[in-house]
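Peer 1: Just passing along the structure, written as structure tokens.
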2 protein chains.
Amino acid sequence: MSDLVEQLRAAIGAEAVRTEPEALAAHRRDTWVLSELRDLEGARFAKPAVVVEPADAQQVAAVLRLARLTKTPVVPFGGGSGVCGGVLPPEGAIVLATRRMDGLVALDDRDLKATFRAGTNGLAAERRVSEAGLTIGHWPQSIELSTVGGWVATRAAGQYSTAYGSIEDVLLALEAVLPDGTIVRTRETPRAAAGPDLRQVFLGSEGTLGVVTEVTFSLRAKPDESRGRAFHFATFGAGLEAIRLVMRAGWRPPVVRLYDAHESKRTFGEYTPEGRHLLLLLHEGPEPAVEAEIAGVTQICDAAGGAETGVGAVDHWLEHRNRVPGFRGFLEKGIVLDTIEVAATWSRVGALYEGVVASLRQVPDLLAASAHSSHSYRSGTNLYFTFAVRPKDRAKMGEIYEDCWRRTMEATLAAGGGVAHHHGIGRVRRGALAGELGAGGIALLRTLKRALDPDGLLNPGVLLPDA
Amino acid sequence: MSDLVEQLRAAIGAEAVRTEPEALAAHRRDTWVLSELRDLEGARFAKPAVVVEPADAQQVAAVLRLARLTKTPVVPFGGGSGVCGGVLPPEGAIVLATRRMDGLVALDDRDLKATFRAGTNGLAAERRVSEAGLTIGHWPQSIELSTVGGWVATRAAGQYSTAYGSIEDVLLALEAVLPDGTIVRTRETPRAAAGPDLRQVFLGSEGTLGVVTEVTFSLRAKPDESRGRAFHFATFGAGLEAIRLVMRAGWRPPVVRLYDAHESKRTFGEYTPEGRHLLLLLHEGPEPAVEAEIAGVTQICDAAGGAETGVGAVDHWLEHRNRVPGFRGFLEKGIVLDTIEVAATWSRVGALYEGVVASLRQVPDLLAASAHSSHSYRSGTNLYFTFAVRPKDRAKMGEIYEDCWRRTMEATLAAGGGVAHHHGIGRVRRGALAGELGAGGIALLRTLKRALDPDGLLNPGVLLPDA
């Protein structure tokens, strides 16, 4: 193994190759609840052989070529903020950390584009373009923790996606390295019909098909106007119906969030009467467009039985929206919990909500099963579930965690929903991927994987179920 | 060969397997100008062995399995309206016509989605959803001639794309068959982070990676309001600048078309003073949103030096927009001509326009070299060039045609543009694809092709340059 380390040092420089225990320990896992739990329980994690920090695509290529030569697994590591177990390096693996690929490469105000190295922190990237009066328009809850390359690799969606799109909609171009060391750089053109869109090989690949090294975003000018509004509804279904009609009419508030009565009480109790379901809206754009949108959306919400309430709830959400919940404290108290985001078309989403909640309620010692909708489309919306259980037997927390996930995935598939809206597959959803893609889709994905990574070295155990 | 025909008959029924000379002749080519010219010159085209008309994905799979078994090339055939030479079956090939896969499978007003079989005519599909008060929002010039499956396979863009997106933006799900007969059906969910987006393997594949058999569109309600506007500008650059600022401000008129002075005079002479550059706009949406947009866009056009003119030009365009030019008549008169659509970011598009026009002007006996912009984005726009040459020596028409294309591709790449905005690659742009994708991109695409179609049987000679 030290041969490998020596070769890596020769290839990319000794300062970029780390083997000290602290470095290895810091890259054993992402923030998946099950990894947190195992950590708390004192379980032993597999130990990677080395953490490399290449500075550019050429160095990434050198690492990947050495990995192939020596048949060593490689696990790409961005911010480590993933919540699906996408990072859990096997014994002896190379962890490829992107942190030295940091910062802005180019910003073009005229073309509204900015290129960042893949390891750039998300909030740092947004702040950099913000100084120029622009925005990426992609604001995941994890923005302070995640990297721009991670956004692409996981197919992320941000809190403003209903108007500004998900990561695939703001990604103008990228540079990535294939498992054999080939560097791919897509052309910076607003749109092309030049064969399949090669960016899509990497969007959602979760480190299994290549390593993203640079991303170019299509930016927006900051909006002139940004105005919050809030309504509450008698039923979750009535709120969903209002959102459906807003989408159908063609209005696009960047933020459209509907909380069920449980979450409305838990997080916005001050702003929502007991038992009501809170809808938060943020309207952005040129002032007259915002005026027109607010009038149109208000009319729809009124007709759907919504009662307008003050914008305090929106302000509260804006203040707290990037607070990523620390699950560790709950686990220490014997409470196992997680969030699970899925999606469905409008005609299926009501049954999906009922089905998941009903199945979770069968879990003994359940404390909570709730959801909100936070990303909407003409055809449907997502649901973001939260579950919490305090089992009598603390030794069963892991088992109960897996049971809650299995129930949610099964109920989602049974209702015709999609199993993953924006967190990705990782390890936690591997078992559900066949239900999502079907046998044909799995066969296609497996063919792509085998063609690009015949030895299965890139992030093994993630995304694709075992053959 | 008759063995193959017998096997095909046994697999999908005798009525779906055609070998009569008329059927073979009708599938020798698409509407590529160079094929038209060769036809006119009496050149002999290669003769496919058989035309098959499978009725569903299972029959398509049977055909593809037989093709693989017998190592027979397969050329998918939709409407035959392609203009890049994507259809030119080699001697002895199977032509897989999609026409029996016809009609609506399902329409859902609540989910705003419609599923059509891939061979459904585009206008028939749009009319079907229109009866329900809905629209696909995809309106290519070829809508009367093309198929919905062809839209996907070529990565088409329609005339309303600036607001409603290109085909990849309105495609909710699809069913397709891989070269080995595997049927892939993607999930009908509004958005997913479940690995790479498998629809993208087929979008733009031009029949080389699989056969699309069914498509599900994400529909829109028809807009309440639809209002035209027109301005003219002193320079093409001033008009482009106005469009850039409209996009930057966040306004999204579905139709934004800027014609250079040559085209303004040629097509809209009645509405445009000599030497001015005409901008056509169509605003759609709820009435107050349209009002706000018109006010905002007018302000930008005024400030950019635009002079408003009557909407007669917009009405004229709306009336004639689906008239596909018949190139045959020109060819018969000894005039060789074509249209070439490319794209670039805003900072490059001016130089691209100048570069292409300057290069075309070096062609002897040039009659016209002009362009318009018809699909715009925050980051840039497309340019749709037209060239026409009447060479002294009619025998040189083919050679001059290829020279004009080569010049346009080279000048586009030199200016940093993308070589294909929405017609695809086919045969006419194969030589430019390496410039578009780079060596790494070509290597990636070739790896995908080899993995899915190791014998190179699907639409050989199209898209990928020879190894």
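Every chain in the structure tokens takes a letter, A first, then B, and so on in the order presented; its residues are numbered from 1, and the ligands are numbered from 1 following the presented order.
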Within 6 Å of chain B, which residues of chain A show up when using only C-alpha atoms, listed as a PyMOL selection string?
Peer 2: chain A and resi 111-112+155+182-184+189-190+192-196+200-201+203-205+288-289+292+344-346+379-380+418+420-422+424-425+440-441+451
Peer 1: Tell me, as a list in words, which residues lie within 12 Å of Ala67 of chain A, counting only C-alpha atoms; anything in the same chain fewer than 6 positions away does not count.
Peer 2: Met1, Asp3, Leu4, Val5, Gln7, Leu8, Ala11, Ala49, Val50, Val52, Val60, Ala61, Pro73, Val74, Val75, Gly92, Ala93, Ile94, Val95, Leu96, Pro179, Asp180, Gly181, Asp453, Asp455, Gly456, Leu457, Leu458 and Asn459 of chain A
Peer 1: Using atom CA of Phe330 of chain A and atom CA of Met397 of chain A as the two end points, give the distance in Å to one decimal.
Peer 2: 11.5 Å
Peer 1: Could you please write out, as a PyMOL selection string, every residue of segment 63-193 of chain B that DSSP assigns to alpha helix (DSSP H)?
Peer 2: chain B and resi 63-70+122-130+148-154+161-164+167-170
Peer 1: Rounded to one decimal place, report the atom CA of Asp403 of chain A-atom CA of Lys333 of chain A distance in Å.
Peer 2: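 Distance reported for this atom pair: 19.6 Å.
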Peer 1: What parts of segment 250-331 of chain A does DSSP call strand (DSSP E or B)? I'd like the answer as a PyMOL selection string.
Peer 2: chain A and resi 255-259+277-285+307-309
Peer 1: Can you spit out the residues from that selection as a PDB file, in the first residue's frame, using N, CA and C atoms?
Peer 2:
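Dumped to part32.pdb:
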ATOM      1  N   VAL A 255     -40.069  30.585  -4.080  1.00  0.00           N
ATOM      2  CA  VAL A 255     -40.307  29.771  -2.891  1.00  0.00           C
ATOM      3  C   VAL A 255     -41.800  29.501  -2.741  1.00  0.00           C
ATOM      4  N   VAL A 256     -42.159  28.233  -2.671  1.00  0.00           N
ATOM      5  CA  VAL A 256     -43.544  27.788  -2.478  1.00  0.00           C
ATOM      6  C   VAL A 256     -43.454  26.602  -1.532  1.00  0.00           C
ATOM      7  N   ARG A 257     -43.760  26.827  -0.266  1.00  0.00           N
ATOM      8  CA  ARG A 257     -43.569  25.773   0.743  1.00  0.00           C
ATOM      9  C   ARG A 257     -44.854  25.577   1.519  1.00  0.00           C
ATOM     10  N   LEU A 258     -45.378  24.370   1.476  1.00  0.00           N
ATOM     11  CA  LEU A 258     -46.599  24.047   2.219  1.00  0.00           C
ATOM     12  C   LEU A 258     -46.269  23.030   3.306  1.00  0.00           C
ATOM     13  N   TYR A 259     -46.527  23.394   4.560  1.00  0.00           N
ATOM     14  CA  TYR A 259     -46.254  22.506   5.696  1.00  0.00           C
ATOM     15  C   TYR A 259     -47.548  21.867   6.168  1.00  0.00           C
ATOM     16  N   HIS A 277     -52.719  24.386   7.890  1.00  0.00           N
ATOM     17  CA  HIS A 277     -51.544  23.997   7.096  1.00  0.00           C
ATOM     18  C   HIS A 277     -50.986  25.247   6.420  1.00  0.00           C
ATOM     19  N   LEU A 278     -49.748  25.560   6.730  1.00  0.00           N
ATOM     20  CA  LEU A 278     -49.180  26.862   6.343  1.00  0.00           C
ATOM     21  C   LEU A 278     -48.483  26.825   4.978  1.00  0.00           C
ATOM     22  N   LEU A 279     -48.788  27.818   4.161  1.00  0.00           N
ATOM     23  CA  LEU A 279     -48.130  27.986   2.852  1.00  0.00           C
ATOM     24  C   LEU A 279     -47.285  29.259   2.878  1.00  0.00           C
ATOM     25  N   LEU A 280     -45.974  29.102   2.609  1.00  0.00           N
ATOM     26  CA  LEU A 280     -45.081  30.267   2.509  1.00  0.00           C
ATOM     27  C   LEU A 280     -44.751  30.529   1.051  1.00  0.00           C
ATOM     28  N   LEU A 281     -44.759  31.787   0.681  1.00  0.00           N
ATOM     29  CA  LEU A 281     -44.446  32.163  -0.703  1.00  0.00           C
ATOM     30  C   LEU A 281     -43.416  33.280  -0.698  1.00  0.00           C
ATOM     31  N   LEU A 282     -42.506  33.218  -1.674  1.00  0.00           N
ATOM     32  CA  LEU A 282     -41.624  34.354  -1.908  1.00  0.00           C
ATOM     33  C   LEU A 282     -41.715  34.683  -3.393  1.00  0.00           C
ATOM     34  N   HIS A 283     -42.064  35.928  -3.686  1.00  0.00           N
ATOM     35  CA  HIS A 283     -42.211  36.384  -5.070  1.00  0.00           C
ATOM     36  C   HIS A 283     -41.009  37.244  -5.429  1.00  0.00           C
ATOM     37  N   GLU A 284     -40.383  37.008  -6.563  1.00  0.00           N
ATOM     38  CA  GLU A 284     -39.219  37.799  -6.959  1.00  0.00           C
ATOM     39  C   GLU A 284     -39.292  38.193  -8.430  1.00  0.00           C
ATOM     40  N   GLY A 285     -38.674  39.325  -8.748  1.00  0.00           N
ATOM     41  CA  GLY A 285     -38.612  39.756 -10.140  1.00  0.00           C
ATOM     42  C   GLY A 285     -38.722  41.259 -10.234  1.00  0.00           C
ATOM     43  N   ALA A 307     -56.432  31.289   4.061  1.00  0.00           N
ATOM     44  CA  ALA A 307     -56.570  32.525   4.840  1.00  0.00           C
ATOM     45  C   ALA A 307     -55.203  33.180   4.904  1.00  0.00           C
ATOM     46  N   GLU A 308     -55.142  34.437   4.488  1.00  0.00           N
ATOM     47  CA  GLU A 308     -53.845  35.101   4.487  1.00  0.00           C
ATOM     48  C   GLU A 308     -53.404  35.385   5.911  1.00  0.00           C
ATOM     49  N   THR A 309     -52.110  35.259   6.144  1.00  0.00           N
ATOM     50  CA  THR A 309     -51.566  35.568   7.462  1.00  0.00           C
ATOM     51  C   THR A 309     -50.331  36.433   7.258  1.00  0.00           C
TER      52      THR A 309
END
Peer 1: Excluding Gly119 of chain B and residues on its chain fewer than 3 positions from it, collect all residues at most 7 Å away from it, counting only C-alpha atoms, and give them as a PyMOL selection string.
Peer 2: chain B and resi 78+98-102+147-149
Peer 1: Leaving out Trp32 of chain A and any residue of its chain fewer than 2 positions from it, which residues lie within 8 Å of it when counting only C-alpha atoms, given as a list of chain:residue names?
Peer 2: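 Once the adjacent positions are removed, what remains is A:Arg29, A:Asp30, A:Leu34, A:Ser35, A:Glu36, A:Gly82, A:Val83, A:Cys84, A:Gly85.
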Peer 1: So that I can see what lies close to Pro364 of chain B, please list as a list in words the residues with an atom at most 9 Å from it, counting only C-alpha atoms and leaving out residues fewer than 5 positions away in the same chain.
Peer 2: Val389, Arg390 and Pro391 of chain B
